[in-house]
Every structure is written in C-alpha cells, then in structure tokens.
file my_file_5.tsv (TSV, C-alpha atoms and all ligand atoms)
chain	number	residue	atom	x	y	z
A	1	MET	CA	0.00	0.00	0.00
A	2	SER	CA	2.20	2.83	-1.21
A	3	GLU	CA	-0.44	5.22	-2.53
A	4	THR	CA	0.35	8.83	-1.67
A	5	ARG	CA	-1.96	10.06	1.05
A	6	VAL	CA	-4.15	13.00	0.08
A	7	ALA	CA	-5.67	15.67	2.35
A	8	LEU	CA	-8.46	18.10	1.55
A	9	VAL	CA	-8.13	21.34	3.54
A	10	THR	CA	-10.82	24.02	3.39
A	11	GLY	CA	-9.90	27.68	3.77
A	12	ALA	CA	-6.40	26.72	2.62
A	13	GLY	CA	-5.32	30.04	1.14
A	14	GLN	CA	-4.06	31.77	4.27
A	15	GLY	CA	-3.87	31.75	8.05
A	16	ILE	CA	-4.51	28.54	9.93
A	17	GLY	CA	-5.49	26.66	6.75
A	18	ARG	CA	-2.13	27.53	5.21
A	19	GLY	CA	-0.36	26.36	8.36
A	20	ILE	CA	-2.24	23.04	8.25
A	21	VAL	CA	-1.46	22.53	4.56
A	22	LEU	CA	2.27	23.07	5.05
A	23	GLU	CA	2.52	20.67	8.00
A	24	LEU	CA	0.51	17.97	6.19
A	25	ALA	CA	2.71	18.43	3.10
A	26	ARG	CA	5.84	18.11	5.27
A	27	GLN	CA	4.33	14.88	6.61
A	28	GLY	CA	4.08	13.56	3.04
A	29	HIS	CA	0.52	14.35	2.02
A	30	ASP	CA	-0.52	15.66	-1.36
A	31	ILE	CA	-3.02	18.45	-0.83
A	32	VAL	CA	-6.29	19.64	-2.29
A	33	GLY	CA	-6.57	23.24	-1.10
A	34	LEU	CA	-10.03	24.76	-1.26
A	35	ASP	CA	-10.79	28.44	-0.81
A	36	VAL	CA	-13.45	30.93	-1.85
A	37	VAL	CA	-10.67	33.41	-2.78
A	38	PHE	CA	-8.90	32.29	-5.96
A	39	ASP	CA	-6.40	34.45	-7.84
A	40	PRO	CA	-3.94	32.51	-10.04
A	41	GLN	CA	-1.95	35.74	-10.70
A	42	ASN	CA	-1.18	36.27	-7.03
A	43	HIS	CA	1.81	34.26	-5.82
A	44	THR	CA	2.47	36.39	-2.73
A	45	LYS	CA	-0.75	35.57	-0.86
A	46	GLY	CA	-3.56	33.04	-1.28
A	47	LEU	CA	-3.90	29.57	-2.75
A	48	PHE	CA	-1.15	30.04	-5.37
A	49	GLU	CA	1.43	31.18	-2.82
A	50	VAL	CA	0.55	28.08	-0.78
A	51	LYS	CA	0.82	25.95	-3.93
A	52	ASP	CA	4.37	27.24	-4.54
A	53	ARG	CA	5.38	26.42	-0.94
A	54	VAL	CA	3.89	22.90	-1.13
A	55	GLU	CA	5.66	22.21	-4.41
A	56	GLU	CA	8.95	23.33	-2.85
A	57	LEU	CA	8.32	20.57	-0.30
A	58	GLY	CA	8.03	18.11	-3.18
A	59	ARG	CA	4.30	17.50	-2.86
A	60	LYS	CA	1.36	18.06	-5.17
A	61	PHE	CA	-1.13	20.89	-4.49
A	62	VAL	CA	-4.45	21.16	-6.31
A	63	PRO	CA	-6.05	24.60	-5.82
A	64	ILE	CA	-9.84	24.61	-5.96
A	65	GLN	CA	-12.19	27.57	-5.81
A	66	ALA	CA	-15.31	26.78	-3.83
A	67	ASP	CA	-17.61	28.24	-1.19
A	68	VAL	CA	-18.16	25.71	1.59
A	69	ALA	CA	-21.52	27.35	2.31
A	70	ALA	CA	-22.80	26.41	-1.16
A	71	VAL	CA	-23.95	22.97	-0.07
A	72	ASP	CA	-25.74	22.25	-3.37
A	73	THR	CA	-22.36	22.25	-5.11
A	74	HIS	CA	-20.65	19.79	-2.75
A	75	GLU	CA	-21.49	16.61	-4.66
A	76	ALA	CA	-20.05	17.95	-7.93
A	77	LEU	CA	-17.13	19.46	-6.04
A	78	LEU	CA	-16.19	16.13	-4.48
A	79	GLN	CA	-16.49	14.36	-7.83
A	80	ARG	CA	-14.19	16.94	-9.39
A	81	ILE	CA	-11.66	16.44	-6.60
A	82	LEU	CA	-11.79	12.65	-6.91
A	83	ASP	CA	-11.37	12.87	-10.69
A	84	GLU	CA	-8.24	14.90	-10.05
A	85	VAL	CA	-6.60	13.04	-7.14
A	86	GLY	CA	-8.38	9.65	-6.98
A	87	HIS	CA	-9.09	9.47	-3.25
A	88	LEU	CA	-9.05	11.42	0.01
A	89	ASP	CA	-7.47	10.14	3.23
A	90	VAL	CA	-7.92	13.28	5.31
A	91	LEU	CA	-10.50	16.07	5.46
A	92	VAL	CA	-9.75	19.19	7.50
A	93	ASN	CA	-12.77	21.46	7.99
A	94	ASN	CA	-10.95	24.73	8.60
A	95	ALA	CA	-12.77	27.39	6.54
A	96	GLY	CA	-14.59	29.79	8.80
A	97	VAL	CA	-15.43	33.42	9.31
A	98	ALA	CA	-15.89	35.88	12.12
A	99	PRO	CA	-18.88	38.22	12.07
A	100	LYS	CA	-18.21	41.16	9.69
A	101	VAL	CA	-18.96	43.48	12.59
A	102	ARG	CA	-18.70	42.62	16.27
A	103	LEU	CA	-22.08	43.48	17.76
A	104	ASP	CA	-23.34	42.92	21.26
A	105	ILE	CA	-25.67	39.92	21.52
A	106	LEU	CA	-28.51	42.37	22.16
A	107	GLU	CA	-27.84	43.86	18.71
A	108	THR	CA	-26.79	40.79	16.62
A	109	THR	CA	-28.65	40.64	13.30
A	110	PRO	CA	-30.31	37.59	11.72
A	111	GLU	CA	-28.21	38.26	8.58
A	112	SER	CA	-24.93	37.97	10.45
A	113	TYR	CA	-26.18	34.92	12.37
A	114	ASP	CA	-27.20	33.17	9.13
A	115	ARG	CA	-23.92	34.02	7.34
A	116	VAL	CA	-21.69	32.75	10.13
A	117	MET	CA	-23.75	29.60	10.64
A	118	ALA	CA	-23.92	28.90	6.88
A	119	ILE	CA	-20.14	28.94	6.50
A	120	ASN	CA	-18.80	27.72	9.84
A	121	THR	CA	-21.39	25.10	10.66
A	122	ARG	CA	-23.83	24.13	7.90
A	123	GLY	CA	-21.11	24.13	5.22
A	124	ALA	CA	-18.80	21.89	7.25
A	125	PHE	CA	-21.69	19.56	8.23
A	126	PHE	CA	-22.68	18.84	4.64
A	127	LEU	CA	-19.21	18.80	3.08
A	128	THR	CA	-18.22	16.23	5.70
A	129	GLN	CA	-21.31	14.19	4.87
A	130	LYS	CA	-20.22	13.88	1.22
A	131	VAL	CA	-16.58	13.13	2.05
A	132	ALA	CA	-17.59	10.64	4.76
A	133	ARG	CA	-19.72	8.67	2.29
A	134	HIS	CA	-16.67	8.38	0.03
A	135	MET	CA	-14.52	7.32	2.99
A	136	VAL	CA	-17.02	4.71	4.17
A	137	ALA	CA	-17.18	3.16	0.69
A	138	ARG	CA	-13.40	3.13	0.53
A	139	ALA	CA	-13.06	1.59	4.00
A	140	GLU	CA	-15.39	-1.25	2.98
A	141	GLN	CA	-13.11	-2.09	0.07
A	142	ASN	CA	-9.86	-1.70	1.97
A	143	PRO	CA	-9.83	-2.80	5.61
A	144	GLU	CA	-6.26	-1.57	6.05
A	145	ILE	CA	-6.94	2.04	5.24
A	146	ARG	CA	-6.83	4.73	7.93
A	147	GLN	CA	-8.92	7.83	7.25
A	148	TYR	CA	-9.32	11.00	9.30
A	149	ILE	CA	-11.60	14.00	9.59
A	150	VAL	CA	-10.57	17.02	11.65
A	151	PHE	CA	-12.82	19.92	12.62
A	152	ILE	CA	-11.23	23.26	13.48
A	153	THR	CA	-13.61	24.76	16.01
A	154	SER	CA	-12.36	27.27	18.60
A	155	ILE	CA	-12.16	27.90	22.31
A	156	SER	CA	-15.28	29.93	21.44
A	157	ALA	CA	-17.10	26.59	21.48
A	158	TYR	CA	-17.16	27.08	25.27
A	159	VAL	CA	-15.78	30.59	25.99
A	160	SER	CA	-18.43	33.30	25.89
A	161	SER	CA	-17.86	36.48	23.84
A	162	PRO	CA	-21.09	38.51	24.00
A	163	SER	CA	-19.81	40.71	21.13
A	164	ARG	CA	-19.81	37.76	18.69
A	165	ALA	CA	-22.35	35.34	20.06
A	166	GLU	CA	-23.22	33.97	16.61
A	167	TYR	CA	-19.56	32.93	16.14
A	168	CYS	CA	-19.50	31.17	19.54
A	169	ALA	CA	-22.78	29.42	18.73
A	170	SER	CA	-21.44	28.30	15.33
A	171	LYS	CA	-18.38	26.73	16.98
A	172	ALA	CA	-20.33	25.09	19.81
A	173	ALA	CA	-22.61	23.49	17.22
A	174	LEU	CA	-19.61	22.42	15.14
A	175	SER	CA	-18.16	20.75	18.22
A	176	MET	CA	-21.25	18.54	18.53
A	177	ILE	CA	-21.15	17.84	14.80
A	178	ALA	CA	-17.56	16.61	15.21
A	179	ARG	CA	-18.60	14.38	18.10
A	180	THR	CA	-21.54	12.95	16.17
A	181	TYR	CA	-19.45	12.14	13.11
A	182	ALA	CA	-16.85	10.55	15.40
A	183	ASP	CA	-19.56	8.29	16.81
A	184	ARG	CA	-21.10	7.46	13.43
A	185	LEU	CA	-17.84	6.73	11.64
A	186	ALA	CA	-15.88	4.93	14.37
A	187	ALA	CA	-16.91	1.45	13.25
A	188	HIS	CA	-15.64	2.28	9.76
A	189	ARG	CA	-12.17	3.07	11.18
A	190	ILE	CA	-12.59	6.71	10.21
A	191	ASN	CA	-11.32	8.77	13.14
A	192	VAL	CA	-12.75	12.21	13.81
A	193	TYR	CA	-11.08	14.84	15.96
A	194	GLU	CA	-11.79	18.39	17.06
A	195	ILE	CA	-9.10	21.03	17.45
A	196	ARG	CA	-9.90	24.18	19.43
A	197	PRO	CA	-7.44	26.96	18.62
A	198	GLY	CA	-7.12	29.82	21.07
A	199	ILE	CA	-5.79	33.20	19.93
A	200	ILE	CA	-3.92	32.61	16.69
A	201	GLN	CA	-2.09	35.28	14.69
A	202	THR	CA	-3.94	35.53	11.36
A	203	ASP	CA	-5.93	38.09	9.37
A	204	MET	CA	-9.00	37.08	11.39
A	205	THR	CA	-7.45	38.39	14.60
A	206	ALA	CA	-5.55	41.32	12.98
A	207	VAL	CA	-8.46	43.65	13.82
A	208	VAL	CA	-8.07	42.94	17.53
A	209	LYS	CA	-4.26	42.61	17.60
A	210	GLU	CA	-3.57	45.49	20.01
A	211	LYS	CA	-6.25	44.31	22.42
A	212	TYR	CA	-4.82	40.77	22.50
A	213	ASP	CA	-1.16	41.93	22.56
A	214	LYS	CA	-1.99	43.66	25.83
A	215	LEU	CA	-4.08	40.83	27.28
A	216	ILE	CA	-1.43	38.24	26.41
A	217	ALA	CA	1.33	40.40	27.97
A	218	GLU	CA	-0.83	40.62	31.11
A	219	GLY	CA	-1.08	36.83	31.32
A	220	LEU	CA	-4.40	35.91	29.64
A	221	VAL	CA	-2.56	33.08	27.87
A	222	PRO	CA	-0.50	30.98	30.33
A	223	GLN	CA	2.16	30.32	27.67
A	224	ARG	CA	2.36	34.13	27.12
A	225	ARG	CA	2.43	34.25	23.36
A	226	TRP	CA	0.17	34.32	20.35
A	227	GLY	CA	-0.55	31.00	18.73
A	228	LEU	CA	0.78	30.57	15.20
A	229	PRO	CA	-0.86	28.80	12.25
A	230	GLU	CA	1.91	26.20	12.41
A	231	ASP	CA	0.94	25.37	16.02
A	232	VAL	CA	-2.46	24.27	14.72
A	233	GLY	CA	-0.88	22.64	11.65
A	234	LYS	CA	1.39	20.50	13.82
A	235	ALA	CA	-1.56	19.43	15.97
A	236	VAL	CA	-3.47	18.31	12.87
A	237	ALA	CA	-0.41	16.45	11.56
A	238	GLY	CA	-0.07	14.73	14.93
A	239	LEU	CA	-3.69	13.60	15.01
A	240	VAL	CA	-3.59	12.14	11.49
A	241	SER	CA	-0.19	10.48	12.06
A	242	GLY	CA	-1.72	7.31	13.46
A	243	GLN	CA	-0.38	7.90	16.98
A	244	PHE	CA	-3.85	8.64	18.42
A	245	ASP	CA	-5.88	5.97	16.69
A	246	TYR	CA	-7.69	4.74	19.83
A	247	SER	CA	-8.86	8.28	20.60
A	248	THR	CA	-11.55	9.09	18.07
A	249	GLY	CA	-13.76	11.96	19.23
A	250	ALA	CA	-10.89	13.57	21.12
A	251	ILE	CA	-10.79	17.33	21.53
A	252	LEU	CA	-7.35	18.92	21.40
A	253	GLU	CA	-7.02	22.50	22.54
A	254	VAL	CA	-4.22	24.57	20.92
A	255	SER	CA	-4.44	27.66	23.06
A	256	GLY	CA	-1.28	28.01	25.15
A	257	GLY	CA	-3.09	26.76	28.23
A	258	MET	CA	-6.27	28.86	28.09
A	259	ASN	CA	-8.20	25.71	28.98
A	260	ILE	CA	-6.68	25.74	32.48
A	261	PRO	CA	-9.16	27.19	35.00
A	262	ARG	CA	-7.18	29.74	37.06
A	263	LEU	CA	-7.60	31.89	40.13
B	301	LIG	N1	-7.38	33.07	14.24
B	301	LIG	C1	-7.84	32.63	15.41
B	301	LIG	O1	-7.47	33.14	16.47
B	301	LIG	C2	-8.77	31.46	15.45
B	301	LIG	C3	-9.07	30.92	16.71
B	301	LIG	C4	-9.93	29.84	16.80
B	301	LIG	C5	-10.46	29.28	15.65
B	301	LIG	N2	-10.17	29.82	14.43
B	301	LIG	C6	-10.79	29.19	13.27
B	301	LIG	O2	-9.77	28.76	12.38
B	301	LIG	C7	-10.27	28.79	11.05
B	301	LIG	C8	-9.31	29.59	10.18
B	301	LIG	O3	-9.22	30.91	10.71
B	301	LIG	P1	-8.07	31.95	10.30
B	301	LIG	O4	-7.77	32.72	11.50
B	301	LIG	O5	-7.01	31.26	9.55
B	301	LIG	O6	-8.92	32.90	9.32
B	301	LIG	P2	-8.51	33.67	8.00
B	301	LIG	O7	-9.61	34.65	7.77
B	301	LIG	O8	-7.10	34.14	8.05
B	301	LIG	O9	-8.57	32.54	6.88
B	301	LIG	C9	-9.77	31.88	6.55
B	301	LIG	C10	-9.68	31.30	5.15
B	301	LIG	O10	-10.93	30.67	4.87
B	301	LIG	C11	-11.40	31.13	3.61
B	301	LIG	N3	-12.87	31.11	3.58
B	301	LIG	C12	-13.71	31.96	4.22
B	301	LIG	N4	-14.97	31.67	3.92
B	301	LIG	C13	-14.94	30.61	3.08
B	301	LIG	C14	-15.94	29.86	2.41
B	301	LIG	N5	-17.24	30.18	2.52
B	301	LIG	N6	-15.56	28.82	1.63
B	301	LIG	C15	-14.24	28.52	1.49
B	301	LIG	N7	-13.26	29.20	2.08
B	301	LIG	C16	-13.60	30.24	2.86
B	301	LIG	C17	-10.86	32.54	3.48
B	301	LIG	O11	-10.84	32.98	2.14
B	301	LIG	C18	-9.47	32.37	4.09
B	301	LIG	O12	-8.51	31.94	3.15
B	301	LIG	C19	-11.67	29.38	11.13
B	301	LIG	O13	-12.62	28.33	11.16
B	301	LIG	C20	-11.67	30.11	12.46
B	301	LIG	O14	-12.95	30.23	13.01
B	301	LIG	C21	-9.34	30.90	14.31

call {"tool": "encode", "arguments": {"input": "my_file_5.tsv", "output": "structure tokens"}}
result
Amino acid sequence: MSETRVALVTGAGQGIGRGIVLELARQGHDIVGLDVVFDPQNHTKGLFEVKDRVEELGRKFVPIQADVAAVDTHEALLQRILDEVGHLDVLVNNAGVAPKVRLDILETTPESYDRVMAINTRGAFFLTQKVARHMVARAEQNPEIRQYIVFITSISAYVSSPSRAEYCASKAALSMIARTYADRLAAHRINVYEIRPGIIQTDMTAVVKEKYDKLIAEGLVPQRRWGLPEDVGKAVAGLVSGQFDYSTGAILEVSGGMNIPRL
C-alpha cells in the first residue's frame, strides 16, 4: 500500500489553513486546497502562494475555488476532486469566518447569524457528509486504510464572547457535529477529531491585535504568546499520524493553556 496520502483542507489560502497545509505536506501528504478566494496571478498571498510552498516541499497541491456554504455544489465538487486526485485520506474542515462586525448579543442581526452559521457550521456539516460517504465506501473495500476528519472549532465553542455570540454558537454546534461524526464513523475506522485553537495570529485576529497583545502580555494566555498557524498545523499532523488511533472523538485544545481554569 504505497499510494500517496491526500488531504483536503478548506480555507487553505491563508492563516490557519495555510499552516495546516504546510505541515501535512511536510508529513508527506498531497493536498487539495479549497478556498473561496482564488487568484492565479497572485503568488504572494492566497492559494497560489501556498501551492508554490507545497511544491517546494516536493508534494502536489491542487487549488480549488469553492464556497463551503454552497452545499448544493458539494457533490459535484467532491467528484471533481476525486477525478483529479483519486481518493481522500484526510479532510480538515478549517474554513470559517468571524462576524463582519462585532455586535453585542442584544444587537446581533439575523443576517450575520445566518452568514456565520452557513459557512462555519452548515457548510462543514454537509461537506463532511459527502466526504464521509466516500470514505465509508473506501473503507469497505480496503480494511487496512486509515482515514481522518478534523474539525477546526475554537475555544469559542465554550468561551463566551457577548460581542460575537453567533460565532460562539457556530463553533459550539460544530463541536457537537464533530462528536456525532466521530460516533457514526468509528466502526468504519474513520477517526474524527476536534481542534480548538485559542488566539492565533492571522488576518482574522488582525483587527483585535492590540487588544490581544496587551491581554497576552498581562497573562491571559499561560504560555504568554500568540498561537501561530503552524501550532495548529502541527496538531493536525499529529492527530492524522496514526499515533492517536484509539482516541476518536478527542478534543485537542491549541491555546497556550487557556483551557486551564485559574484563580
Ligand atoms: N485566528 C484565530 O485566532 C482562530 C481561533 C480559533 C479558531 N479559528 C478558526 O480557524 C479557522 C481559520 O481561521 P483563520 O484565522 O485562519 O482565518 P482567515 O480569515 O485568516 O482565513 C480563513 C480562510 O478561509 C477562507 N474562507 C472563508 N470563507 C470561506 C468559504 N465560505 N468557503 C471557502 N473558504 C472560505 C478565506 O478565504 C481564508 O482563506 C476558522 O474556522 C476560524 O474560526 C481561528
């Protein structure tokens, strides 16, 4: 069994997705990188910059433009991916958005709620459904195969932020989706994990950088530094390495110790 392992990573063009792609490529995976932003001319940022880096590592990178929220397109999308790479061993549901504007829960709009839920939660639920069907069929034909699905949720799955309640709700729901898929797929030897990043330095957190710089310096994060995309990437690579195969459904926090209750 020497087939190259292939990982599909959503939101692969920058930030945490980029960090995950690079670590999985270093581990020997070929990558299908999916993102809603797609600019083949731009090799300094986005999917085509990531493609260049992956190719430098000697792996294949297939850039795909898709919106994870467009659930009606998922079936055709998966078929296109399989036509291109043959099979998928790993799915990482990373694509996600913050609310466009942080509004107090007493002011949150239905539009923002629906947008965040559609991308972060509903999109990942149904994309996973399609990929899982493919993985189940593959597992039936090949009892040796190890397949993995990883959900990138957030500490916001359990930490309250009243200025972005719809985001917290989307991640709490995604956490239960991860658990349910872990339960459903366990007998098929498809392991499902949840990773909860804390405060990670990306464009998503750039708008609140000064606030978090100060809070981190004051000790909010026990490890006293920002998380980096590669911190999350290494955690994903660890989980799909085969070293945690009796731990499906596990939740791994990548937050510098923010999970430790403190006085
Ligand atoms: N940055 C943090 O501190 C942090 C903390 C916890 C969890 N997360 C989660 O990690 C994931 C990645 O966050 P990030 O900080 O790298 O954000 P980011 O904004 O830097 O990158 C997100 C990527 O996802 C893509 N994307 C957005 N909507 C999409 C859609 N509908 N379909 C396909 N691709 C889409 C974007 O184009 C972008 O390339 C998100 O799910 C986020 O909620 C981030």

call {"tool": "residues_around", "arguments": {"input": "my_file_5.tsv", "residues": "A:Gly11", "least_positions_apart": "2", "cutoff": "6 Å", "atoms": "only C-alpha atoms", "output": "PyMOL selection string"}}
result
chain A and resi 13+17+34-35+94-95

call {"tool": "residues_near_ligand", "arguments": {"input": "my_file_5.tsv", "ligand": "ligand LIG 301 (chain B)", "cutoff": "7 Å", "atoms": "only C-alpha atoms and all ligand atoms", "output": "PyMOL selection string"}}
result
chain A and resi 10-17+34-37+46+66-69+94-98+119-120+152-155+196-205

call {"tool": "residues_around", "arguments": {"input": "my_file_5.tsv", "residues": "A:Lys234", "least_positions_apart": "2", "cutoff": "12 Å", "atoms": "only C-alpha atoms", "output": "ChimeraX atom specification"}}
result
/A:16-27,195,197,227-232,236-241,252,254

call {"tool": "residues_around", "arguments": {"input": "my_file_5.tsv", "residues": "A:Thr180", "least_positions_apart": "5", "cutoff": "9 Å", "atoms": "all atoms listed in the file", "output": "mmCIF file with C-alpha atoms, keeping the file's coordinate frame"}}
result
data_model
loop_
_atom_site.group_PDB
_atom_site.id
_atom_site.type_symbol
_atom_site.label_atom_id
_atom_site.label_comp_id
_atom_site.auth_asym_id
_atom_site.auth_seq_id
_atom_site.Cartn_x
_atom_site.Cartn_y
_atom_site.Cartn_z
ATOM 1 C CA SER A 175 -18.160 20.750 18.220
ATOM 2 C CA LEU A 185 -17.840 6.730 11.640
ATOM 3 C CA GLY A 249 -13.760 11.960 19.230
#

call {"tool": "atom_distance", "arguments": {"input": "my_file_5.tsv", "atom1": "atom CA of A:Arg262", "atom2": "atom CA of A:Glu210"}}
result
23.5 Å

call {"tool": "closest_residue", "arguments": {"input": "my_file_5.tsv", "among": "A:Arg225, A:Leu263, A:Val54, A:Thr109", "to": "A:Asp213", "atoms": "all atoms listed in the file"}}
result
A:Arg225

call {"tool": "residues_around", "arguments": {"input": "my_file_5.tsv", "residues": "A:Val32", "least_positions_apart": "6", "cutoff": "8 Å", "atoms": "all atoms listed in the file", "output": "list of chain:residue names"}}
result
A:Val6, A:Ala7, A:Leu8, A:Val9, A:Phe61, A:Val62, A:Pro63, A:Ile64, A:Ile81

call {"tool": "closest_residue", "arguments": {"input": "my_file_5.tsv", "among": "A:Arg5, A:His74, A:Arg184, A:Arg189", "to": "A:Lys130", "atoms": "only C-alpha atoms"}}
result
A:His74

call {"tool": "atom_distance", "arguments": {"input": "my_file_5.tsv", "atom1": "atom CA of A:Gly28", "atom2": "atom CA of A:His188"}}
result
23.7 Å

call {"tool": "atom_distance", "arguments": {"input": "my_file_5.tsv", "atom1": "atom CA of A:Ala132", "atom2": "atom CA of A:Gln243"}}
result
21.3 Å

call {"tool": "closest_residue", "arguments": {"input": "my_file_5.tsv", "among": "A:Val71, A:Val116, A:Val192, A:Cys168", "to": "A:Phe244", "atoms": "all atoms listed in the file"}}
result
A:Val192

call {"tool": "residues_around", "arguments": {"input": "my_file_5.tsv", "residues": "stretch 111-114 of chain A", "least_positions_apart": "6", "cutoff": "8 Å", "atoms": "only C-alpha atoms", "output": "VMD selection string"}}
result
chain A and resid 99 to 100 166 to 167

call {"tool": "write_last_selection", "arguments": {"input": "my_file_5.tsv", "atoms": "C-alpha atoms", "output": "PDB file, in the coordinates of the input"}}
result
ATOM      1  CA  PRO A  99     -18.880  38.220  12.070  1.00  0.00           C
ATOM      2  CA  LYS A 100     -18.210  41.160   9.690  1.00  0.00           C
ATOM      3  CA  GLU A 166     -23.220  33.970  16.610  1.00  0.00           C
ATOM      4  CA  TYR A 167     -19.560  32.930  16.140  1.00  0.00           C
TER       5      TYR A 167
END

call {"tool": "closest_residue", "arguments": {"input": "my_file_5.tsv", "among": "A:Tyr181, A:Tyr246, A:Tyr193, A:Tyr212", "to": "A:Phe126", "atoms": "all atoms listed in the file"}}
result
A:Tyr181

call {"tool": "build_atoms", "arguments": {"input": "my_file_5.tsv", "residues": "stretch 153-170 of chain A", "atoms": "N, CA, C and O atoms", "output": "compact mmCIF listing (two decimals), in the frame of the given file"}}
result
# COMPACT_ATOMS: atom_id res chain seq x y z
N THR A 153 -12.55 23.96 15.37
CA THR A 153 -13.61 24.76 16.01
C THR A 153 -12.92 25.97 16.62
O THR A 153 -12.31 26.76 15.93
N SER A 154 -12.96 26.11 17.93
CA SER A 154 -12.36 27.27 18.60
C SER A 154 -12.60 27.12 20.09
O SER A 154 -13.55 26.42 20.50
N ILE A 155 -11.80 27.83 20.90
CA ILE A 155 -12.16 27.90 22.31
C ILE A 155 -13.53 28.58 22.47
O ILE A 155 -14.19 28.41 23.48
N SER A 156 -13.95 29.29 21.40
CA SER A 156 -15.28 29.93 21.44
C SER A 156 -16.41 28.90 21.47
O SER A 156 -17.57 29.27 21.65
N ALA A 157 -16.08 27.63 21.30
CA ALA A 157 -17.10 26.59 21.48
C ALA A 157 -17.57 26.55 22.93
O ALA A 157 -18.66 26.05 23.22
N TYR A 158 -16.73 27.07 23.86
CA TYR A 158 -17.16 27.08 25.27
C TYR A 158 -16.86 28.39 26.00
O TYR A 158 -17.35 28.60 27.10
N VAL A 159 -16.07 29.29 25.36
CA VAL A 159 -15.78 30.59 25.99
C VAL A 159 -16.77 31.62 25.45
O VAL A 159 -16.93 31.75 24.24
N SER A 160 -17.43 32.32 26.33
CA SER A 160 -18.43 33.30 25.89
C SER A 160 -17.78 34.61 25.45
O SER A 160 -16.90 35.13 26.11
N SER A 161 -18.20 35.11 24.29
CA SER A 161 -17.86 36.48 23.84
C SER A 161 -19.17 37.15 23.44
O SER A 161 -19.66 36.93 22.32
N PRO A 162 -19.78 37.94 24.32
CA PRO A 162 -21.09 38.51 24.00
C PRO A 162 -21.08 39.44 22.78
O PRO A 162 -22.13 39.74 22.23
N SER A 163 -19.87 39.84 22.31
CA SER A 163 -19.81 40.71 21.13
C SER A 163 -19.72 39.91 19.83
O SER A 163 -19.60 40.50 18.76
N ARG A 164 -19.75 38.61 19.91
CA ARG A 164 -19.81 37.76 18.69
C ARG A 164 -20.44 36.42 19.04
O ARG A 164 -19.87 35.35 18.80
N ALA A 165 -21.65 36.54 19.57
CA ALA A 165 -22.35 35.34 20.06
C ALA A 165 -22.63 34.35 18.93
O ALA A 165 -22.60 33.13 19.15
N GLU A 166 -22.90 34.88 17.73
CA GLU A 166 -23.22 33.97 16.61
C GLU A 166 -22.00 33.12 16.25
O GLU A 166 -22.13 31.96 15.87
N TYR A 167 -20.80 33.70 16.40
CA TYR A 167 -19.56 32.93 16.14
C TYR A 167 -19.43 31.82 17.19
O TYR A 167 -19.18 30.66 16.86
N CYS A 168 -19.61 32.18 18.46
CA CYS A 168 -19.50 31.17 19.54
C CYS A 168 -20.52 30.05 19.32
O CYS A 168 -20.18 28.87 19.46
N ALA A 169 -21.73 30.43 18.95
CA ALA A 169 -22.78 29.42 18.73
C ALA A 169 -22.40 28.51 17.56
O ALA A 169 -22.60 27.29 17.61
N SER A 170 -21.81 29.11 16.51
CA SER A 170 -21.44 28.30 15.33
C SER A 170 -20.38 27.27 15.70
O SER A 170 -20.39 26.15 15.20
